[in-house]
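One file, target20.tsv, is given below (TSV, C-alpha atoms).
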chain	number	residue	atom	x	y	z
M	1	MET	CA	12.37	-37.62	-14.02
M	2	GLU	CA	16.11	-38.33	-13.74
M	3	THR	CA	17.37	-35.37	-11.69
M	4	THR	CA	16.08	-32.95	-9.07
M	5	ARG	CA	17.14	-29.71	-7.47
M	6	ALA	CA	18.63	-30.27	-4.00
M	7	ALA	CA	20.73	-28.78	-1.19
M	8	VAL	CA	24.11	-30.53	-1.26
M	9	LEU	CA	26.63	-30.20	1.57
M	10	HIS	CA	30.18	-30.28	0.19
M	11	ALA	CA	32.04	-29.38	3.39
M	12	ALA	CA	31.39	-27.65	6.69
M	13	GLY	CA	29.67	-24.36	5.90
M	14	ASP	CA	29.51	-25.13	2.17
M	15	VAL	CA	26.00	-26.04	1.04
M	16	ARG	CA	25.11	-25.62	-2.65
M	17	ILE	CA	21.83	-25.83	-4.56
M	18	GLU	CA	22.47	-28.24	-7.43
M	19	GLN	CA	20.84	-30.71	-9.78
M	20	VAL	CA	21.42	-34.24	-8.47
M	21	PRO	CA	20.41	-37.59	-9.97
M	22	LEU	CA	17.39	-39.45	-8.68
M	23	ARG	CA	17.79	-43.16	-8.10
M	24	PRO	CA	15.82	-45.26	-10.60
M	25	PRO	CA	12.43	-46.15	-9.06
M	26	GLY	CA	11.40	-49.78	-8.65
M	27	PRO	CA	7.93	-51.34	-8.50
M	28	GLY	CA	7.74	-50.74	-4.74
M	29	ASP	CA	8.78	-47.08	-4.93
M	30	ALA	CA	6.97	-43.78	-5.29
M	31	LEU	CA	8.13	-40.41	-6.56
M	32	VAL	CA	7.33	-37.74	-3.98
M	33	ALA	CA	7.26	-33.99	-4.55
M	34	ILE	CA	8.74	-32.70	-1.30
M	35	ASP	CA	6.67	-30.02	0.42
M	36	ALA	CA	8.64	-29.37	3.62
M	37	VAL	CA	11.79	-30.55	5.37
M	38	GLY	CA	12.46	-29.89	9.04
M	39	VAL	CA	15.91	-28.78	10.13
M	40	CYS	CA	17.26	-31.19	12.75
M	41	GLY	CA	20.19	-30.74	15.08
M	42	SER	CA	22.06	-33.37	13.07
M	43	ASP	CA	21.71	-31.24	9.91
M	44	MET	CA	23.09	-28.28	11.83
M	45	HIS	CA	26.05	-30.32	13.09
M	46	TYR	CA	26.91	-31.56	9.59
M	47	PHE	CA	26.69	-27.99	8.28
M	48	ALA	CA	28.73	-26.46	11.11
M	49	ASP	CA	31.33	-29.20	11.65
M	50	GLY	CA	31.14	-31.65	8.75
M	51	ARG	CA	30.15	-34.41	11.17
M	52	ASN	CA	27.42	-35.52	13.54
M	53	GLY	CA	28.64	-37.64	16.41
M	54	GLN	CA	30.71	-40.45	14.95
M	55	ASN	CA	29.43	-40.01	11.39
M	56	VAL	CA	31.66	-37.84	9.19
M	57	LEU	CA	30.91	-36.14	5.87
M	58	ARG	CA	33.30	-37.69	3.33
M	59	SER	CA	31.58	-36.85	0.06
M	60	PRO	CA	28.98	-34.29	-1.08
M	61	THR	CA	25.63	-35.29	0.44
M	62	VAL	CA	22.08	-33.97	0.29
M	63	LEU	CA	20.98	-33.12	3.85
M	64	GLY	CA	17.60	-33.58	5.51
M	65	HIS	CA	15.53	-36.42	6.92
M	66	GLU	CA	12.34	-34.83	8.33
M	67	ALA	CA	10.10	-34.59	5.29
M	68	SER	CA	6.60	-34.57	3.90
M	69	GLY	CA	5.22	-34.29	0.41
M	70	VAL	CA	2.81	-35.50	-2.25
M	71	ILE	CA	3.08	-38.65	-4.35
M	72	THR	CA	3.38	-37.73	-8.04
M	73	ALA	CA	4.08	-41.20	-9.48
M	74	ALA	CA	3.83	-44.71	-8.03
M	75	GLY	CA	5.28	-48.10	-8.89
M	76	ALA	CA	3.18	-51.15	-9.68
M	77	ASP	CA	3.43	-52.51	-6.12
M	78	VAL	CA	2.54	-49.23	-4.37
M	79	ASP	CA	-0.99	-49.13	-2.94
M	80	LEU	CA	-1.09	-45.35	-2.55
M	81	ALA	CA	-2.63	-43.18	-5.25
M	82	VAL	CA	-0.99	-40.26	-6.99
M	83	GLY	CA	-1.90	-37.14	-5.01
M	84	THR	CA	-1.66	-38.84	-1.59
M	85	ARG	CA	-0.03	-36.59	1.00
M	86	VAL	CA	2.59	-38.42	3.03
M	87	ALA	CA	5.08	-38.15	5.87
M	88	ILE	CA	8.36	-39.88	5.06
M	89	GLU	CA	10.07	-42.23	7.50
M	90	PRO	CA	13.79	-41.80	6.74
M	91	ALA	CA	15.18	-45.13	8.01
M	92	VAL	CA	13.27	-48.39	7.58
M	93	GLY	CA	16.14	-50.91	7.56
M	94	CYS	CA	16.85	-53.60	5.01
M	95	GLY	CA	13.68	-55.47	5.97
M	96	HIS	CA	15.30	-58.89	5.72
M	97	CYS	CA	17.92	-59.33	8.47
M	98	PRO	CA	17.08	-60.89	11.87
M	99	THR	CA	17.04	-57.47	13.53
M	100	CYS	CA	14.52	-56.06	11.04
M	101	ARG	CA	12.39	-59.19	11.18
M	102	SER	CA	12.30	-58.94	14.98
M	103	GLY	CA	10.62	-55.54	14.57
M	104	ARG	CA	13.60	-53.43	15.59
M	105	TYR	CA	14.34	-52.25	12.05
M	106	HIS	CA	15.74	-48.97	13.34
M	107	LEU	CA	18.74	-50.95	14.62
M	108	CYS	CA	19.41	-52.68	11.28
M	109	PRO	CA	23.20	-53.29	10.99
M	110	THR	CA	23.17	-52.40	7.29
M	111	GLY	CA	20.40	-49.81	7.39
M	112	THR	CA	20.72	-46.32	5.97
M	113	CYS	CA	18.96	-43.07	6.81
M	114	PHE	CA	18.07	-40.21	4.50
M	115	GLY	CA	20.49	-37.33	5.06
M	116	SER	CA	23.05	-39.37	6.99
M	117	PRO	CA	26.22	-39.26	4.84
M	118	PRO	CA	26.83	-40.81	2.42
M	119	THR	CA	23.07	-41.42	1.92
M	120	HIS	CA	21.40	-38.48	0.19
M	121	GLY	CA	18.58	-36.88	2.12
M	122	THR	CA	15.25	-35.16	1.64
M	123	LEU	CA	16.29	-31.52	1.01
M	124	ALA	CA	15.29	-31.80	-2.62
M	125	GLN	CA	12.31	-30.96	-4.77
M	126	HIS	CA	11.66	-34.63	-5.56
M	127	LEU	CA	12.63	-37.92	-3.94
M	128	VAL	CA	12.19	-41.61	-4.77
M	129	VAL	CA	10.93	-43.36	-1.63
M	130	SER	CA	10.12	-46.96	-0.77
M	131	ARG	CA	6.46	-47.64	0.02
M	132	ARG	CA	7.55	-48.95	3.43
M	133	ALA	CA	8.68	-45.42	4.33
M	134	LEU	CA	5.46	-43.63	3.33
M	135	HIS	CA	2.76	-42.76	5.86
M	136	PRO	CA	-0.43	-41.14	4.51
M	137	LEU	CA	-1.46	-37.94	6.23
M	138	PRO	CA	-5.09	-37.47	7.35
M	139	ALA	CA	-7.01	-34.35	6.40
M	140	ALA	CA	-6.45	-32.89	9.88
M	141	ILE	CA	-2.68	-32.61	9.30
M	142	GLY	CA	-1.45	-30.10	6.73
M	143	THR	CA	1.28	-31.22	4.38
M	144	GLU	CA	3.84	-28.79	5.81
M	145	LEU	CA	3.16	-29.98	9.36
M	146	GLY	CA	3.61	-33.53	8.11
M	147	SER	CA	7.35	-32.89	8.16
M	148	LEU	CA	7.13	-32.68	11.96
M	149	ILE	CA	5.78	-36.21	12.28
M	150	GLU	CA	9.37	-37.49	12.20
M	151	PRO	CA	10.55	-35.60	15.32
M	152	LEU	CA	7.27	-36.48	17.01
M	153	ALA	CA	8.01	-40.15	16.26
M	154	VAL	CA	11.33	-39.65	18.09
M	155	ALA	CA	9.35	-38.40	21.09
M	156	VAL	CA	6.84	-41.25	20.91
M	157	TRP	CA	9.60	-43.85	20.88
M	158	ALA	CA	11.48	-42.11	23.69
M	159	VAL	CA	8.41	-42.14	25.92
M	160	GLN	CA	7.83	-45.81	25.08
M	161	ARG	CA	11.44	-46.63	25.96
M	162	ALA	CA	11.02	-44.68	29.19
M	163	ASP	CA	7.89	-46.69	29.98
M	164	VAL	CA	5.95	-43.63	31.14
M	165	ARG	CA	2.70	-44.69	32.78
M	166	ALA	CA	-0.38	-43.04	34.21
M	167	GLY	CA	0.36	-41.25	37.47
M	168	HIS	CA	4.12	-40.98	36.93
M	169	ARG	CA	6.14	-37.94	37.88
M	170	VAL	CA	8.34	-37.13	34.88
M	171	LEU	CA	11.36	-34.86	34.43
M	172	VAL	CA	12.30	-33.75	30.89
M	173	THR	CA	15.72	-32.10	30.63
M	174	GLY	CA	15.97	-29.87	27.56
M	175	SER	CA	13.08	-27.89	26.07
M	176	GLY	CA	14.13	-27.92	22.45
M	177	PRO	CA	11.71	-29.33	19.87
M	178	ILE	CA	12.22	-32.94	21.00
M	179	GLY	CA	11.94	-32.10	24.69
M	180	ILE	CA	8.70	-30.20	24.15
M	181	LEU	CA	7.26	-33.03	22.06
M	182	VAL	CA	8.38	-35.59	24.66
M	183	MET	CA	6.64	-33.55	27.35
M	184	GLN	CA	3.38	-33.59	25.38
M	185	VAL	CA	3.56	-37.33	24.68
M	186	ALA	CA	4.28	-38.05	28.36
M	187	LEU	CA	1.20	-36.06	29.33
M	188	ALA	CA	-0.81	-37.94	26.71
M	189	CYS	CA	0.30	-41.18	28.42
M	190	GLY	CA	-1.24	-40.00	31.66
M	191	ALA	CA	1.78	-38.62	33.51
M	192	ALA	CA	0.54	-36.80	36.59
M	193	GLU	CA	3.39	-34.30	36.57
M	194	VAL	CA	5.90	-33.27	33.88
M	195	VAL	CA	8.65	-30.84	34.85
M	196	VAL	CA	10.82	-29.38	32.08
M	197	THR	CA	14.28	-27.87	32.54
M	198	ASP	CA	16.45	-25.76	30.24
M	199	VAL	CA	18.62	-22.63	30.26
M	200	ASN	CA	16.45	-20.80	27.69
M	201	ASP	CA	13.50	-18.91	29.18
M	202	ALA	CA	11.75	-18.51	25.80
M	203	ARG	CA	11.72	-22.26	25.24
M	204	LEU	CA	10.59	-22.89	28.80
M	205	ALA	CA	7.70	-20.49	28.21
M	206	VAL	CA	6.58	-22.61	25.25
M	207	ALA	CA	6.76	-25.72	27.44
M	208	ARG	CA	4.54	-24.03	30.04
M	209	SER	CA	2.05	-22.94	27.40
M	210	LEU	CA	1.75	-26.53	26.18
M	211	GLY	CA	1.08	-28.05	29.57
M	212	ALA	CA	4.30	-28.46	31.54
M	213	THR	CA	3.47	-28.77	35.22
M	214	ALA	CA	6.52	-26.66	36.07
M	215	THR	CA	9.64	-25.34	34.37
M	216	ILE	CA	13.09	-24.68	35.83
M	217	ASN	CA	15.91	-22.61	34.38
M	218	THR	CA	18.91	-24.65	35.51
M	219	ALA	CA	21.26	-21.75	34.80
M	220	GLU	CA	19.62	-20.08	37.80
M	221	ARG	CA	18.93	-23.02	40.13
M	222	ALA	CA	19.20	-26.79	40.30
M	223	PRO	CA	15.99	-28.84	40.12
M	224	GLU	CA	15.10	-29.52	43.75
M	225	LEU	CA	13.05	-32.60	42.99
M	226	THR	CA	12.87	-36.01	44.64
M	227	GLY	CA	10.93	-39.16	43.94
M	228	VAL	CA	10.75	-38.67	40.18
M	229	HIS	CA	9.65	-41.84	38.38
M	230	ARG	CA	10.95	-41.13	34.87
M	231	LEU	CA	13.74	-38.95	33.51
M	232	LEU	CA	13.97	-38.23	29.77
M	233	GLU	CA	17.22	-36.46	28.95
M	234	CYS	CA	16.74	-34.50	25.72
M	235	SER	CA	19.49	-31.87	25.90
M	236	GLY	CA	22.51	-34.00	25.02
M	237	HIS	CA	24.51	-32.59	27.95
M	238	PRO	CA	25.98	-35.20	30.33
M	239	ALA	CA	25.68	-32.82	33.28
M	240	ALA	CA	21.91	-32.65	32.74
M	241	LEU	CA	21.70	-36.44	32.82
M	242	TRP	CA	23.72	-36.77	36.03
M	243	GLN	CA	21.72	-33.94	37.63
M	244	GLY	CA	18.46	-35.51	36.53
M	245	ILE	CA	19.40	-38.96	37.81
M	246	ARG	CA	19.77	-37.52	41.30
M	247	THR	CA	16.07	-36.59	41.30
M	248	LEU	CA	14.95	-40.18	40.71
M	249	GLY	CA	13.38	-42.37	43.33
M	250	PRO	CA	13.89	-46.11	43.84
M	251	ALA	CA	13.15	-48.38	40.86
M	252	ALA	CA	12.90	-45.37	38.54
M	253	ARG	CA	14.18	-45.11	34.97
M	254	ALA	CA	16.43	-42.64	33.15
M	255	THR	CA	16.28	-42.55	29.35
M	256	VAL	CA	18.94	-40.91	27.15
M	257	VAL	CA	17.18	-39.27	24.21
M	258	GLY	CA	19.47	-36.42	23.12
M	259	GLN	CA	22.60	-37.03	21.04
M	260	ALA	CA	25.03	-38.72	23.41
M	261	ALA	CA	28.76	-37.98	23.49
M	262	PRO	CA	30.96	-40.94	22.46
M	263	SER	CA	31.94	-41.40	26.10
M	264	VAL	CA	31.21	-39.53	29.31
M	265	ASP	CA	32.59	-39.45	32.82
M	266	GLY	CA	30.72	-39.06	36.07
M	267	LEU	CA	28.09	-41.78	35.76
M	268	PRO	CA	26.71	-42.28	39.31
M	269	LEU	CA	26.79	-46.04	38.98
M	270	ALA	CA	26.69	-46.80	42.69
M	271	PHE	CA	23.59	-44.62	43.08
M	272	LEU	CA	21.91	-46.39	40.14
M	273	GLN	CA	22.74	-49.77	41.60
M	274	ARG	CA	21.70	-48.93	45.17
M	275	TYR	CA	18.19	-47.93	44.04
M	276	GLU	CA	17.91	-50.24	41.02
M	277	ILE	CA	17.43	-47.33	38.67
M	278	ASP	CA	17.33	-48.38	35.03
M	279	LEU	CA	19.48	-46.43	32.56
M	280	VAL	CA	18.26	-46.95	29.00
M	281	THR	CA	18.75	-45.27	25.64
M	282	ALA	CA	16.50	-44.36	22.72
M	283	PHE	CA	17.65	-44.37	19.09
M	284	ARG	CA	15.31	-43.04	16.41
M	285	TYR	CA	12.09	-45.13	16.55
M	286	ALA	CA	10.33	-48.23	15.30
M	287	HIS	CA	6.65	-48.38	14.33
M	288	ALA	CA	6.15	-44.93	15.88
M	289	PHE	CA	4.86	-42.94	12.87
M	290	PRO	CA	1.25	-44.23	13.06
M	291	THR	CA	1.05	-43.32	16.76
M	292	ALA	CA	2.57	-39.89	16.11
M	293	ILE	CA	0.05	-39.21	13.34
M	294	ALA	CA	-2.84	-40.35	15.54
M	295	LEU	CA	-1.77	-38.09	18.43
M	296	VAL	CA	-1.79	-35.03	16.15
M	297	GLU	CA	-5.02	-36.02	14.40
M	298	ARG	CA	-6.78	-36.34	17.77
M	299	GLY	CA	-5.45	-32.96	18.92
M	300	VAL	CA	-3.52	-34.52	21.81
M	301	VAL	CA	-0.14	-33.15	20.66
M	302	ASP	CA	0.35	-29.67	19.20
M	303	ILE	CA	3.15	-29.77	16.62
M	304	ASP	CA	2.22	-26.41	15.10
M	305	ALA	CA	3.45	-24.72	18.29
M	306	VAL	CA	7.05	-25.80	17.68
M	307	LEU	CA	7.18	-24.56	14.07
M	308	THR	CA	8.90	-21.18	14.25
M	309	GLY	CA	10.45	-20.49	10.85
M	310	ARG	CA	10.15	-21.17	7.11
M	311	PHE	CA	12.78	-20.82	4.39
M	312	PRO	CA	12.91	-21.63	0.66
M	313	LEU	CA	15.45	-24.12	-0.68
M	314	ASP	CA	17.69	-21.31	-1.95
M	315	ARG	CA	18.12	-20.11	1.64
M	316	THR	CA	19.09	-23.50	3.08
M	317	ALA	CA	22.32	-22.17	4.60
M	318	GLU	CA	20.38	-19.43	6.37
M	319	ALA	CA	17.88	-21.97	7.66
M	320	LEU	CA	20.68	-24.17	9.03
M	321	ARG	CA	22.10	-21.21	10.93
M	322	ALA	CA	18.78	-19.79	12.14
M	323	PRO	CA	18.34	-21.75	15.39
M	324	VAL	CA	21.91	-20.89	16.43
M	325	LEU	CA	21.63	-17.19	15.61
M	326	ASP	CA	18.17	-16.94	17.16
M	327	PRO	CA	17.80	-19.34	20.12
M	328	SER	CA	14.07	-18.59	20.33
M	329	HIS	CA	13.63	-20.80	17.26
M	330	LEU	CA	12.37	-24.30	17.87
M	331	LYS	CA	11.68	-26.07	14.56
M	332	VAL	CA	12.60	-24.45	11.25
M	333	VAL	CA	11.37	-25.95	7.96
M	334	ILE	CA	12.66	-25.58	4.43
M	335	ARG	CA	10.12	-25.55	1.60
M	336	PRO	CA	11.78	-26.98	-1.56

Produce structure tokens that represent the structure in this file.
Amino acid sequence: METTRAAVLHAAGDVRIEQVPLRPPGPGDALVAIDAVGVCGSDMHYFADGRNGQNVLRSPTVLGHEASGVITAAGADVDLAVGTRVAIEPAVGCGHCPTCRSGRYHLCPTGTCFGSPPTHGTLAQHLVVSRRALHPLPAAIGTELGSLIEPLAVAVWAVQRADVRAGHRVLVTGSGPIGILVMQVALACGAAEVVVTDVNDARLAVARSLGATATINTAERAPELTGVHRLLECSGHPAALWQGIRTLGPAARATVVGQAAPSVDGLPLAFLQRYEIDLVTAFRYAHAFPTAIALVERGVVDIDAVLTGRFPLDRTAEALRAPVLDPSHLKVVIRP
């Protein structure tokens, strides 16, 4: 197979379904028939604005990085059989540099990520994938739901970076898909209390249904909390971070999970210093897919609850607009 049908973004608002070349597979690669691809906020930014943060679309690029599928052919060095259902990890680093060899391959200076221009992504019917990026799915996880392992891995890594421990009081700002998954992972770690904030009542209702101790619509009132041990900011809004920091007690930790602006003003540095509050960040994940898969397999995290829409490949543009046009959407998937 030399080409595949894919969703190619040519410019903001201009996504086309085209035949694109597949890279030649090597002995450590597998050909995967893509079953489902989740729509991420980064895909929506590229589609709406032609950029995501500091990364700009400069040439036509296949979108998508949250994917699952079935192996249809495997290289000589691949230990997975044809027919194996897999979740695909989109960024595994070069594997050779000091950063990768230290275990922090997600920070690889030369690493690429599926769907991050100019690297073609997963919104295609077939994809050649390195064995290092393939994670077999157990029988308890359907192939479509396997596409949600990637955002769950984001949540797993965020909670690890936040160092959530048993008995902690946790505040999660933002109840989008990542915030809701972060909430569930924090509870799985033994958090005694997890409060979720947002401005969308429908999303807050989902958070409550999945175990949030309390929810607060911050468009109506500020969170009147004190003594919080861990803040996980998942909304991407600086005001939510500053507001959340003020709820933290001494020796607490705030973790930036949502897409951060290039620079922000208003950091309460003196407050952080006075109470030795740690401010840390989370970027993608490392070694988080196995944990994410295990949490779903054991029934500890419900990823099905965040899946709210399905679209075929031919309706990719509609899928990329859906969460904006209908804010009740959480995670939309495209089925190539």

Considering only C-alpha atoms, give me a table of residues in stretch 114-205 of chain M that are at most 7 Å from stretch 81-92 of chain M, with the closest atom pair and distance in Å for each, as JSON lines.
{"residue": "M:Phe114", "atom": "CA", "partner": "M:Pro90", "partner_atom": "CA", "distance": 5.1}
{"residue": "M:Ala133", "atom": "CA", "partner": "M:Glu89", "partner_atom": "CA", "distance": 4.7}
{"residue": "M:Leu134", "atom": "CA", "partner": "M:Ile88", "partner_atom": "CA", "distance": 5.0}
{"residue": "M:His135", "atom": "CA", "partner": "M:Ala87", "partner_atom": "CA", "distance": 5.2}
{"residue": "M:Pro136", "atom": "CA", "partner": "M:Val86", "partner_atom": "CA", "distance": 4.3}
{"residue": "M:Leu137", "atom": "CA", "partner": "M:Val86", "partner_atom": "CA", "distance": 5.2}
{"residue": "M:Thr143", "atom": "CA", "partner": "M:Arg85", "partner_atom": "CA", "distance": 6.5}
{"residue": "M:Gly146", "atom": "CA", "partner": "M:Ala87", "partner_atom": "CA", "distance": 5.3}
{"residue": "M:Ser147", "atom": "CA", "partner": "M:Ala87", "partner_atom": "CA", "distance": 6.2}
{"residue": "M:Ile149", "atom": "CA", "partner": "M:Ala87", "partner_atom": "CA", "distance": 6.7}
{"residue": "M:Glu150", "atom": "CA", "partner": "M:Glu89", "partner_atom": "CA", "distance": 6.7}

- Message: Would you compute the distance between atom CA of M:Leu204 and atom CA of M:Ser235? Give it in Å to one decimal.
- Response: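 Value for the atom CA of M:Leu204-atom CA of M:Ser235 distance: 13.0 Å.
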
- Task: Tell me which of M:Val8, M:Val306, M:Val128, M:Leu295 sits closest to M:Arg23, counting all atoms listed in the file.
- Result: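 For M:Arg23, the nearest of the given residues is M:Val128.
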
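You can rank M:Ile34, M:Met44, M:Ala252, M:Val156 by their closest distance to M:Phe289 using all atoms listed in the file, and at the top of that list sits M:Val156.
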
- Message: If we count all atoms listed in the file and set the cut-off at 6 Å, which residues sit around M:Arg310, ignoring sequence neighbours fewer than 3 positions away in its own chain? Please answer as a list in words.
- Response: Val332, Val333 and Ile334 of chain M

- Task: Counting all atoms listed in the file, figure out which residue out of M:Val300, M:Ala73, M:Leu210, M:Leu171 gets nearest to M:Cys189.
- Result: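 With all atoms listed in the file as the atom set, the closest residue is M:Val300.
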
- Nearest to M:Gly211 among M:Gln184, M:Thr173, M:Gly28, M:Val62, with distances taken over all atoms listed in the file: which residue is it?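 Among the listed residues, the smallest separation from M:Gly211 belongs to M:Gln184.
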
- Item | Residues within 10 Å of (12.5, -31.4, -3.1), file coords, all atoms listed in the file, listed as JSON, numbers by chain | {"M": [4, 5, 6, 7, 32, 33, 34, 35, 36, 37, 67, 68, 69, 121, 122, 123, 124, 125, 126, 127, 313, 334, 335, 336]}

- Task: Select, from M:Thr99, M:Thr213, M:Ser130, M:Thr308, the residue with the minimum atom-to-atom distance to M:Asp79, counting only C-alpha atoms.
- Result: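 Counting only C-alpha atoms, the residue closest to M:Asp79 is M:Ser130.
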
How big is the axis-aligned box around all listed atoms of stretch 253-269 of chain M once 8 Å goes on each side, and where's its centre, in Å to one decimal, as JSON?
{"center_x": 23.4, "center_y": -41.2, "center_z": 30.2, "size_x": 34.4, "size_y": 25.6, "size_z": 34.3}

- Message: Which residues are near stretch 56-59 of chain M? Cut-off 10 Å, all atoms listed in the file, ignore same chain within fewer than 2 positions. Put them as an MDAnalysis selection string.
- Response: chainID M and resid 8:12 46:47 49:54 61:62 116:119

Generate the output file for the selected residues, C-alpha atoms, as a PDB file, in the frame of the given file.
ATOM      1  CA  VAL M   8      24.110 -30.530  -1.260  1.00  0.00           C
ATOM      2  CA  LEU M   9      26.630 -30.200   1.570  1.00  0.00           C
ATOM      3  CA  HIS M  10      30.180 -30.280   0.190  1.00  0.00           C
ATOM      4  CA  ALA M  11      32.040 -29.380   3.390  1.00  0.00           C
ATOM      5  CA  ALA M  12      31.390 -27.650   6.690  1.00  0.00           C
ATOM      6  CA  TYR M  46      26.910 -31.560   9.590  1.00  0.00           C
ATOM      7  CA  PHE M  47      26.690 -27.990   8.280  1.00  0.00           C
ATOM      8  CA  ASP M  49      31.330 -29.200  11.650  1.00  0.00           C
ATOM      9  CA  GLY M  50      31.140 -31.650   8.750  1.00  0.00           C
ATOM     10  CA  ARG M  51      30.150 -34.410  11.170  1.00  0.00           C
ATOM     11  CA  ASN M  52      27.420 -35.520  13.540  1.00  0.00           C
ATOM     12  CA  GLY M  53      28.640 -37.640  16.410  1.00  0.00           C
ATOM     13  CA  GLN M  54      30.710 -40.450  14.950  1.00  0.00           C
ATOM     14  CA  THR M  61      25.630 -35.290   0.440  1.00  0.00           C
ATOM     15  CA  VAL M  62      22.080 -33.970   0.290  1.00  0.00           C
ATOM     16  CA  SER M 116      23.050 -39.370   6.990  1.00  0.00           C
ATOM     17  CA  PRO M 117      26.220 -39.260   4.840  1.00  0.00           C
ATOM     18  CA  PRO M 118      26.830 -40.810   2.420  1.00  0.00           C
ATOM     19  CA  THR M 119      23.070 -41.420   1.920  1.00  0.00           C
TER      20      THR M 119
END

- Item | Polymer residues at most 7 Å from M:Asn217, only C-alpha atoms, same-chain spacing of 5 or more positions, as a ChimeraX atom specification | /M:197-201

- Pick from M:Ser328, M:Thr281, M:Thr226, M:Thr110 nearest to M:Val256, counting all atoms listed in the file: M:Thr281

- Query: What does the distance between atom CA of M:Ala205 and atom CA of M:Val172 come to in Å, to one decimal place?
  - Reply: 14.3 Å

- atom CA of M:Ala261 to atom CA of M:His229, straight-line distance in Å: 24.5 Å

- Tell me which protein, DNA and RNA residues are within 8 Å of stretch 164-166 of chain M, counting all atoms listed in the file, leaving out same-chain ones fewer than 5 positions away, and put them as a list of chain:residue names.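 With the cut-off at 8 Å, the set is M:Val159, M:Ala186, M:Cys189, M:Gly190, M:Ala191, M:Ala192, M:Arg230.
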